[in-house]
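Please read the structure below before turning to the comments.
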Amino acid sequence: MSVDESISESTVLSRLWMNKMGVTCLIILVFITTLSLFSYLIISDNTNNANRQIPQIALQSPGYTQGFLIKEKDINFSPQNIGDILLSGYRDQLDYIPYDTIWQAAGSTNTSFNSVVQFHDQLETSEKRIKTFWLGTDKYGRDVLSRLILGLRVSMIIGLLSVLVSLTMGITLGSIAGYYGSRIDKLIMLVINTSWSIPTLLMAFAIIIALGKGFLVIVLAVGLTMWVDVARIVRGQVMQVKNELYVKASKVMGYGDVRTIVKHILPNIIGSILVMAAANFATAILVEAGLSYLGLGIQPPTPSLGNMLKESYAYATGGFVYLAFFPIITIMSLVLCFNLLGTALRDVFDIKSVQT
């Protein structure tokens, strides 16, 4: 009987629940995932890519409050369904015309401000609105918090799809190598060792340069940099359990190799696969951020944590530290959560600790 087979589902859940750090990280990641899915219904700038540019309020510090005159654009937009809104946000149908900061003007006898207000009152089709930019604005006057949340969304989507690519390749090749052995194992191990010798970012560079920039190309590039570790782990686990009695029984009953691997072997090494998936998720976020920072990842105006750092680098070194601080902290927090969750899953599926 394999390591993972001897741990029941109820035992796994109870042990995970007792791991406070793992549960905390899992709750945080579920919250981030929910935030990512419904981001356009939550963020302040819910236009496509949170790209509403207001140059008059560029490079304002966190907590900046501004009053705006809101006017509808003279454009007839077609109706949007909820699916379009969740996917790409609302169309930018409003013009935001800023005036003096409300909290500075309150109680002031500034005649220019009063005249502006009187002018606004004469515009029947307009609306006055106060907005607070909790994380400030960037060099184009865009809401940093809104773009940061959308950047989280991009990182989570790319991380998920990249992990699926790496798991698909790694589990397939690792299972074949570990189950059949012999020349097939040697050939696959040659491919694995060759791929492992190529630096991660260099491999991603080569794929992007060869296939061009694009969302799916980035997913493929990041996924193909992580499958090797999965394949090695799966190969070792399959070689360990393929001689177990339940595998031999499957063969005796006449089941094919594919069914034996998929139905009997892989479910019993699921613990190792989940740990690798969590680690790969963290790696995918780092690789995507690095590629975007170097200009080979997600392209503006689509926000990502990496290109937000790239766009704000010169300003961050010039005194606007918050522009780099928030994306960096977000990347660190995401990577830390996935790594701690991976550690918790490793402890949960550790048979030795179960028996003690």
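A note on labels: chains of the structure tokens are A, B, ... as shown, every chain counts residues from 1, and ligands are counted from 1 in their shown order.
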
- Query: Can you tell me, as a list in words, what residues are no more than 10 Å from segment 332-334 of chain A when counting only C-alpha atoms, ignoring any on the same chain fewer than 5 positions away?
  - Reply: Cys25, Ile28, Leu29, Ile32, Leu152, Ser155, Met156, Phe281, Ala282, Ile285, Leu286, Phe326, Pro327 and Asn339 of chain A

Alpha helix (DSSP H) positions in segment 172-335 of chain A, given as a compact mmCIF listing (two decimals) with N, CA and C atoms, in the first residue's frame:
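Ended up saving to out_18.txt:
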```txt
# COMPACT_ATOMS: atom_id res chain seq x y z
N THR A 172 2.43 13.27 -17.45
CA THR A 172 2.42 12.34 -18.59
C THR A 172 3.79 11.70 -18.81
N LEU A 173 4.81 12.52 -18.96
CA LEU A 173 6.15 11.98 -19.23
C LEU A 173 6.72 11.26 -18.02
N GLY A 174 6.49 11.80 -16.82
CA GLY A 174 6.98 11.14 -15.61
C GLY A 174 6.35 9.79 -15.40
N SER A 175 5.04 9.68 -15.66
CA SER A 175 4.35 8.40 -15.49
C SER A 175 4.85 7.37 -16.50
N ILE A 176 5.02 7.78 -17.74
CA ILE A 176 5.50 6.85 -18.77
C ILE A 176 6.90 6.37 -18.45
N ALA A 177 7.76 7.31 -18.05
CA ALA A 177 9.15 6.93 -17.73
C ALA A 177 9.21 5.99 -16.53
N GLY A 178 8.46 6.33 -15.48
CA GLY A 178 8.51 5.51 -14.26
C GLY A 178 7.84 4.16 -14.42
N TYR A 179 6.78 4.10 -15.22
CA TYR A 179 6.01 2.86 -15.35
C TYR A 179 6.70 1.86 -16.28
N TYR A 180 7.21 2.34 -17.40
CA TYR A 180 7.79 1.42 -18.40
C TYR A 180 9.29 1.20 -18.21
N SER A 182 13.31 1.09 -18.69
CA SER A 182 14.10 0.65 -19.84
C SER A 182 14.47 1.82 -20.75
N ARG A 183 14.40 1.61 -22.05
CA ARG A 183 14.84 2.61 -23.01
C ARG A 183 13.94 3.85 -23.02
N ILE A 184 12.65 3.62 -22.79
CA ILE A 184 11.73 4.77 -22.74
C ILE A 184 12.12 5.70 -21.60
N ASP A 185 12.46 5.11 -20.46
CA ASP A 185 12.88 5.90 -19.31
C ASP A 185 14.16 6.67 -19.63
N LYS A 186 15.10 6.02 -20.26
CA LYS A 186 16.37 6.69 -20.58
C LYS A 186 16.15 7.85 -21.55
N LEU A 187 15.29 7.64 -22.54
CA LEU A 187 15.02 8.69 -23.52
C LEU A 187 14.35 9.90 -22.86
N ILE A 188 13.34 9.63 -22.03
CA ILE A 188 12.64 10.73 -21.36
C ILE A 188 13.56 11.43 -20.37
N MET A 189 14.39 10.68 -19.67
CA MET A 189 15.33 11.29 -18.74
C MET A 189 16.35 12.15 -19.47
N LEU A 190 16.71 11.77 -20.69
CA LEU A 190 17.61 12.61 -21.49
C LEU A 190 16.95 13.95 -21.80
N VAL A 191 15.66 13.89 -22.16
CA VAL A 191 14.92 15.13 -22.42
C VAL A 191 14.81 15.97 -21.15
N ILE A 192 14.53 15.31 -20.03
CA ILE A 192 14.39 16.01 -18.76
C ILE A 192 15.69 16.69 -18.36
N ASN A 193 16.78 15.96 -18.42
CA ASN A 193 18.08 16.52 -18.01
C ASN A 193 18.52 17.64 -18.95
N THR A 194 18.22 17.49 -20.24
CA THR A 194 18.56 18.55 -21.19
C THR A 194 17.77 19.82 -20.88
N SER A 195 16.48 19.65 -20.62
CA SER A 195 15.64 20.82 -20.30
C SER A 195 16.06 21.45 -18.98
N TRP A 196 16.46 20.61 -18.05
CA TRP A 196 16.85 21.11 -16.73
C TRP A 196 18.13 21.93 -16.80
N THR A 200 15.84 28.96 -16.45
CA THR A 200 14.40 29.17 -16.57
C THR A 200 14.05 30.36 -17.47
N LEU A 201 14.59 31.53 -17.16
CA LEU A 201 14.26 32.72 -17.94
C LEU A 201 14.77 32.63 -19.37
N LEU A 202 15.93 31.97 -19.55
CA LEU A 202 16.46 31.81 -20.90
C LEU A 202 15.53 30.95 -21.74
N MET A 203 15.00 29.90 -21.15
CA MET A 203 14.02 29.06 -21.83
C MET A 203 12.78 29.86 -22.20
N ALA A 204 12.29 30.67 -21.26
CA ALA A 204 11.10 31.50 -21.53
C ALA A 204 11.39 32.52 -22.63
N PHE A 205 12.58 33.13 -22.59
CA PHE A 205 12.96 34.09 -23.63
C PHE A 205 12.91 33.43 -25.00
N ALA A 206 13.50 32.24 -25.09
CA ALA A 206 13.59 31.55 -26.38
C ALA A 206 12.20 31.24 -26.94
N ILE A 207 11.29 30.80 -26.08
CA ILE A 207 9.93 30.46 -26.54
C ILE A 207 9.19 31.70 -27.00
N ILE A 208 9.30 32.80 -26.24
CA ILE A 208 8.60 34.03 -26.60
C ILE A 208 9.17 34.64 -27.88
N ILE A 209 10.49 34.62 -28.02
CA ILE A 209 11.11 35.15 -29.23
C ILE A 209 10.72 34.32 -30.45
N ALA A 210 10.61 32.99 -30.25
CA ALA A 210 10.27 32.11 -31.36
C ALA A 210 8.80 32.22 -31.76
N LEU A 211 7.90 32.36 -30.78
CA LEU A 211 6.46 32.34 -31.06
C LEU A 211 5.81 33.72 -31.03
N PHE A 215 -0.70 36.40 -24.80
CA PHE A 215 -1.09 35.79 -23.53
C PHE A 215 -0.84 34.29 -23.52
N LEU A 216 -1.31 33.58 -24.54
CA LEU A 216 -1.15 32.13 -24.59
C LEU A 216 0.32 31.73 -24.72
N VAL A 217 1.10 32.54 -25.43
CA VAL A 217 2.54 32.25 -25.56
C VAL A 217 3.22 32.37 -24.20
N ILE A 218 2.82 33.37 -23.42
CA ILE A 218 3.40 33.54 -22.08
C ILE A 218 3.04 32.35 -21.20
N VAL A 219 1.78 31.92 -21.27
CA VAL A 219 1.35 30.74 -20.50
C VAL A 219 2.20 29.53 -20.88
N LEU A 220 2.37 29.32 -22.18
CA LEU A 220 3.16 28.19 -22.66
C LEU A 220 4.62 28.31 -22.22
N ALA A 221 5.17 29.51 -22.33
CA ALA A 221 6.57 29.72 -21.96
C ALA A 221 6.80 29.45 -20.48
N VAL A 222 5.91 29.96 -19.64
CA VAL A 222 6.05 29.76 -18.19
C VAL A 222 5.82 28.29 -17.84
N GLY A 223 4.79 27.67 -18.45
CA GLY A 223 4.50 26.26 -18.15
C GLY A 223 5.63 25.33 -18.55
N TRP A 227 7.80 22.04 -16.00
CA TRP A 227 7.34 20.66 -16.07
C TRP A 227 8.40 19.65 -15.64
N VAL A 228 9.68 20.05 -15.73
CA VAL A 228 10.78 19.11 -15.47
C VAL A 228 10.72 18.60 -14.03
N ASP A 229 10.56 19.49 -13.06
CA ASP A 229 10.51 19.07 -11.66
C ASP A 229 9.33 18.13 -11.41
N VAL A 230 8.19 18.45 -12.04
CA VAL A 230 7.02 17.58 -11.89
C VAL A 230 7.32 16.20 -12.44
N ALA A 231 7.93 16.14 -13.61
CA ALA A 231 8.22 14.85 -14.24
C ALA A 231 9.17 14.01 -13.39
N ARG A 232 10.16 14.63 -12.81
CA ARG A 232 11.12 13.88 -11.98
C ARG A 232 10.45 13.32 -10.73
N ILE A 233 9.63 14.15 -10.09
CA ILE A 233 8.94 13.70 -8.88
C ILE A 233 7.98 12.56 -9.20
N VAL A 234 7.17 12.75 -10.26
CA VAL A 234 6.19 11.72 -10.63
C VAL A 234 6.90 10.44 -11.05
N ARG A 235 7.97 10.54 -11.80
CA ARG A 235 8.72 9.35 -12.21
C ARG A 235 9.19 8.56 -10.99
N GLY A 236 9.76 9.25 -10.02
CA GLY A 236 10.23 8.56 -8.82
C GLY A 236 9.10 7.91 -8.04
N GLN A 237 7.97 8.62 -7.92
CA GLN A 237 6.84 8.08 -7.17
C GLN A 237 6.22 6.86 -7.88
N VAL A 238 6.13 6.95 -9.21
CA VAL A 238 5.57 5.83 -9.98
C VAL A 238 6.48 4.61 -9.88
N MET A 239 7.77 4.82 -9.96
CA MET A 239 8.71 3.70 -9.83
C MET A 239 8.60 3.05 -8.46
N GLN A 240 8.26 3.85 -7.45
CA GLN A 240 8.15 3.34 -6.09
C GLN A 240 6.89 2.50 -5.89
N VAL A 241 5.77 2.91 -6.51
CA VAL A 241 4.50 2.25 -6.22
C VAL A 241 4.07 1.25 -7.29
N LEU A 245 0.87 -4.21 -4.52
CA LEU A 245 -0.08 -5.28 -4.80
C LEU A 245 -1.28 -4.80 -5.60
N TYR A 246 -1.75 -3.59 -5.33
CA TYR A 246 -2.95 -3.12 -6.03
C TYR A 246 -2.64 -2.87 -7.52
N VAL A 247 -1.40 -2.54 -7.83
CA VAL A 247 -1.02 -2.36 -9.24
C VAL A 247 -0.95 -3.73 -9.92
N LYS A 248 -0.34 -4.70 -9.24
CA LYS A 248 -0.26 -6.06 -9.79
C LYS A 248 -1.66 -6.65 -9.98
N ALA A 249 -2.54 -6.38 -9.02
CA ALA A 249 -3.91 -6.87 -9.13
C ALA A 249 -4.62 -6.27 -10.34
N SER A 250 -4.35 -5.01 -10.61
CA SER A 250 -4.94 -4.36 -11.78
C SER A 250 -4.49 -5.04 -13.06
N LYS A 251 -3.22 -5.41 -13.11
CA LYS A 251 -2.70 -6.09 -14.30
C LYS A 251 -3.32 -7.48 -14.45
N VAL A 252 -3.44 -8.18 -13.32
CA VAL A 252 -4.02 -9.53 -13.35
C VAL A 252 -5.46 -9.50 -13.84
N ASP A 257 -2.61 -0.48 -19.42
CA ASP A 257 -1.61 0.34 -18.73
C ASP A 257 -2.15 1.74 -18.43
N VAL A 258 -2.87 2.33 -19.38
CA VAL A 258 -3.38 3.68 -19.17
C VAL A 258 -4.34 3.72 -17.98
N ARG A 259 -5.25 2.75 -17.91
CA ARG A 259 -6.19 2.71 -16.80
C ARG A 259 -5.46 2.47 -15.48
N ILE A 270 -1.10 11.58 -5.30
CA ILE A 270 -1.70 12.90 -5.45
C ILE A 270 -1.10 13.91 -4.48
N GLY A 271 -0.65 13.45 -3.31
CA GLY A 271 -0.05 14.36 -2.33
C GLY A 271 1.17 15.06 -2.89
N SER A 272 2.07 14.30 -3.49
CA SER A 272 3.28 14.88 -4.08
C SER A 272 2.94 15.83 -5.22
N ILE A 273 1.91 15.48 -6.01
CA ILE A 273 1.51 16.31 -7.13
C ILE A 273 0.95 17.65 -6.64
N LEU A 274 0.15 17.62 -5.57
CA LEU A 274 -0.41 18.86 -5.03
C LEU A 274 0.68 19.77 -4.48
N VAL A 275 1.66 19.18 -3.82
CA VAL A 275 2.78 19.97 -3.29
C VAL A 275 3.54 20.64 -4.43
N MET A 276 3.80 19.89 -5.50
CA MET A 276 4.49 20.46 -6.66
C MET A 276 3.64 21.53 -7.34
N ALA A 277 2.32 21.34 -7.38
CA ALA A 277 1.45 22.34 -8.00
C ALA A 277 1.52 23.66 -7.24
N ALA A 278 1.52 23.61 -5.90
CA ALA A 278 1.61 24.83 -5.10
C ALA A 278 2.95 25.53 -5.33
N ALA A 279 4.03 24.75 -5.35
CA ALA A 279 5.35 25.33 -5.59
C ALA A 279 5.44 25.93 -6.99
N ASN A 280 4.88 25.25 -7.98
CA ASN A 280 4.91 25.75 -9.35
C ASN A 280 4.09 27.02 -9.52
N PHE A 281 3.01 27.13 -8.75
CA PHE A 281 2.19 28.33 -8.81
C PHE A 281 3.03 29.55 -8.39
N ALA A 282 3.78 29.38 -7.31
CA ALA A 282 4.65 30.47 -6.84
C ALA A 282 5.71 30.80 -7.89
N THR A 283 6.30 29.77 -8.48
CA THR A 283 7.31 29.99 -9.51
C THR A 283 6.73 30.69 -10.73
N ALA A 284 5.53 30.30 -11.13
CA ALA A 284 4.88 30.90 -12.30
C ALA A 284 4.65 32.40 -12.09
N ILE A 285 4.25 32.78 -10.89
CA ILE A 285 4.02 34.20 -10.59
C ILE A 285 5.32 34.98 -10.70
N LEU A 286 6.41 34.41 -10.17
CA LEU A 286 7.71 35.08 -10.24
C LEU A 286 8.21 35.19 -11.68
N VAL A 287 8.07 34.11 -12.44
CA VAL A 287 8.55 34.12 -13.83
C VAL A 287 7.76 35.12 -14.66
N GLU A 288 6.42 35.12 -14.50
CA GLU A 288 5.59 36.06 -15.26
C GLU A 288 5.94 37.50 -14.90
N ALA A 289 6.14 37.76 -13.61
CA ALA A 289 6.51 39.12 -13.19
C ALA A 289 7.85 39.52 -13.78
N GLY A 290 8.81 38.58 -13.81
CA GLY A 290 10.11 38.87 -14.39
C GLY A 290 10.02 39.15 -15.88
N LEU A 291 9.24 38.36 -16.59
CA LEU A 291 9.09 38.56 -18.04
C LEU A 291 8.41 39.90 -18.33
N SER A 292 7.37 40.23 -17.57
CA SER A 292 6.68 41.50 -17.79
C SER A 292 7.58 42.67 -17.45
N TYR A 293 8.38 42.54 -16.41
CA TYR A 293 9.30 43.61 -16.03
C TYR A 293 10.33 43.85 -17.14
N LEU A 305 1.62 42.65 -12.40
CA LEU A 305 2.50 43.09 -11.31
C LEU A 305 3.88 43.44 -11.85
N GLY A 306 4.32 42.72 -12.88
CA GLY A 306 5.64 42.97 -13.45
C GLY A 306 5.70 44.26 -14.24
N ASN A 307 4.73 44.49 -15.14
CA ASN A 307 4.84 45.72 -15.93
C ASN A 307 4.47 46.96 -15.13
N MET A 308 3.75 46.81 -14.00
CA MET A 308 3.55 47.94 -13.11
C MET A 308 4.87 48.38 -12.50
N LEU A 309 5.72 47.40 -12.18
CA LEU A 309 7.06 47.72 -11.68
C LEU A 309 7.90 48.39 -12.76
N LYS A 310 7.80 47.88 -13.96
CA LYS A 310 8.58 48.45 -15.06
C LYS A 310 8.18 49.90 -15.34
N GLU A 311 6.87 50.15 -15.39
CA GLU A 311 6.39 51.50 -15.69
C GLU A 311 6.76 52.50 -14.61
N SER A 312 6.86 52.05 -13.37
CA SER A 312 7.07 52.97 -12.25
C SER A 312 8.51 53.01 -11.76
N TYR A 313 9.42 52.27 -12.42
CA TYR A 313 10.79 52.17 -11.91
C TYR A 313 11.46 53.54 -11.77
N ALA A 314 11.42 54.34 -12.84
CA ALA A 314 12.10 55.64 -12.80
C ALA A 314 11.48 56.55 -11.75
N TYR A 315 10.16 56.49 -11.60
CA TYR A 315 9.49 57.35 -10.62
C TYR A 315 9.73 56.87 -9.20
N ALA A 316 9.80 55.54 -9.02
CA ALA A 316 10.05 54.99 -7.68
C ALA A 316 11.42 55.40 -7.17
N THR A 317 12.41 55.37 -8.05
CA THR A 317 13.76 55.79 -7.64
C THR A 317 13.85 57.31 -7.49
N TYR A 322 5.99 54.44 -3.39
CA TYR A 322 4.77 53.64 -3.29
C TYR A 322 4.43 52.94 -4.60
N LEU A 323 4.85 53.50 -5.74
CA LEU A 323 4.54 52.89 -7.03
C LEU A 323 5.19 51.53 -7.18
N ALA A 324 6.36 51.34 -6.58
CA ALA A 324 7.03 50.04 -6.64
C ALA A 324 6.72 49.19 -5.41
N PHE A 325 6.46 49.86 -4.28
CA PHE A 325 6.28 49.14 -3.02
C PHE A 325 5.08 48.20 -3.06
N PHE A 326 3.95 48.68 -3.54
CA PHE A 326 2.73 47.87 -3.50
C PHE A 326 2.80 46.65 -4.42
N PRO A 327 3.29 46.77 -5.68
CA PRO A 327 3.44 45.55 -6.49
C PRO A 327 4.44 44.55 -5.90
N ILE A 328 5.52 45.05 -5.33
CA ILE A 328 6.52 44.15 -4.75
C ILE A 328 5.94 43.39 -3.57
N ILE A 329 5.26 44.11 -2.68
CA ILE A 329 4.64 43.45 -1.52
C ILE A 329 3.60 42.43 -1.97
N THR A 330 2.86 42.74 -3.02
CA THR A 330 1.84 41.81 -3.53
C THR A 330 2.48 40.54 -4.07
N ILE A 331 3.55 40.69 -4.86
CA ILE A 331 4.26 39.52 -5.38
C ILE A 331 4.82 38.68 -4.24
N MET A 332 5.45 39.32 -3.28
CA MET A 332 6.03 38.60 -2.14
C MET A 332 4.95 37.84 -1.37
N SER A 333 3.81 38.49 -1.15
CA SER A 333 2.73 37.85 -0.38
C SER A 333 2.17 36.64 -1.10
N LEU A 334 1.95 36.79 -2.42
CA LEU A 334 1.43 35.67 -3.20
C LEU A 334 2.39 34.48 -3.16
N VAL A 335 3.65 34.74 -3.44
CA VAL A 335 4.66 33.66 -3.47
C VAL A 335 4.77 33.01 -2.10
```

- Task: Please provide as a PyMOL selection string all residues within 6 Å of segment 66-69 of chain A, with the sequence filter that same-chain residues fewer than 5 positions apart are discarded (counting only C-alpha atoms).
- Result: chain A and resi 96-99+101-102+127-131

Emit the selected residues as a PDB file, in the first residue's frame, including C-alpha atoms.
```
ATOM      1  CA  TYR A  96     -13.734  62.769 -15.229  1.00  0.00           C
ATOM      2  CA  ILE A  97     -12.933  66.483 -14.955  1.00  0.00           C
ATOM      3  CA  PRO A  98     -11.049  67.131 -11.671  1.00  0.00           C
ATOM      4  CA  TYR A  99     -11.261  70.249  -9.538  1.00  0.00           C
ATOM      5  CA  THR A 101      -9.218  68.557  -3.655  1.00  0.00           C
ATOM      6  CA  ILE A 102     -12.387  68.561  -1.537  1.00  0.00           C
ATOM      7  CA  GLU A 127     -22.672  65.022 -11.704  1.00  0.00           C
ATOM      8  CA  LYS A 128     -20.149  65.820  -8.974  1.00  0.00           C
ATOM      9  CA  ARG A 129     -18.338  62.905  -7.352  1.00  0.00           C
ATOM     10  CA  ILE A 130     -15.603  62.515  -4.750  1.00  0.00           C
ATOM     11  CA  LYS A 131     -13.080  59.712  -5.174  1.00  0.00           C
TER      12      LYS A 131
END
```

- atom CA of Ser14 of chain A and atom CA of Leu167 of chain A, how far apart in Å?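 Atom CA of Ser14 of chain A lies at a distance of 26.2 Å from atom CA of Leu167 of chain A.
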
If you run DSSP on the backbone here, which positions in segment 53-85 of chain A get strand (DSSP E or B)? Please write them as a PDB file with C-alpha atoms, in the first residue's frame.
```
ATOM      1  CA  TYR A  64      -5.387  61.226  -2.148  1.00  0.00           C
ATOM      2  CA  THR A  65      -8.964  62.544  -2.388  1.00  0.00           C
ATOM      3  CA  GLN A  66     -10.244  64.456  -5.379  1.00  0.00           C
ATOM      4  CA  GLY A  67     -13.526  65.896  -6.534  1.00  0.00           C
ATOM      5  CA  PHE A  68     -14.642  65.363 -10.102  1.00  0.00           C
ATOM      6  CA  LEU A  69     -17.212  66.680 -12.497  1.00  0.00           C
ATOM      7  CA  ILE A  70     -18.647  63.624 -14.279  1.00  0.00           C
ATOM      8  CA  LYS A  71     -20.004  63.949 -17.794  1.00  0.00           C
ATOM      9  CA  GLU A  72     -21.188  61.259 -20.171  1.00  0.00           C
TER      10      GLU A  72
END
```

- Message: Using only C-alpha atoms for the distances, tell me which of A:His264, A:Arg15, A:Lys20, A:Arg52 is nearest to Tyr140 of chain A.
- Response: A:Arg52

- Query: Do you have the atom CA of Gly342 of chain A-atom CA of Pro267 of chain A distance handy?
  - Reply: 18.0 Å

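If only C-alpha atoms are the atoms counted, then among A:Leu41, A:Ile57, A:Val154, A:Met169 the closest residue to Leu86 of chain A is A:Leu41.
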
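Going from atom CA of Leu35 of chain A over to atom CA of Leu161 of chain A, you cover 17.8 Å.
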
- Message: What's around segment 21-24 of chain A at 7 Å? Count only C-alpha atoms, leave out sequence neighbours fewer than 3 positions away in its own chain, and write the answer as a count of residues only.
- Response: 7
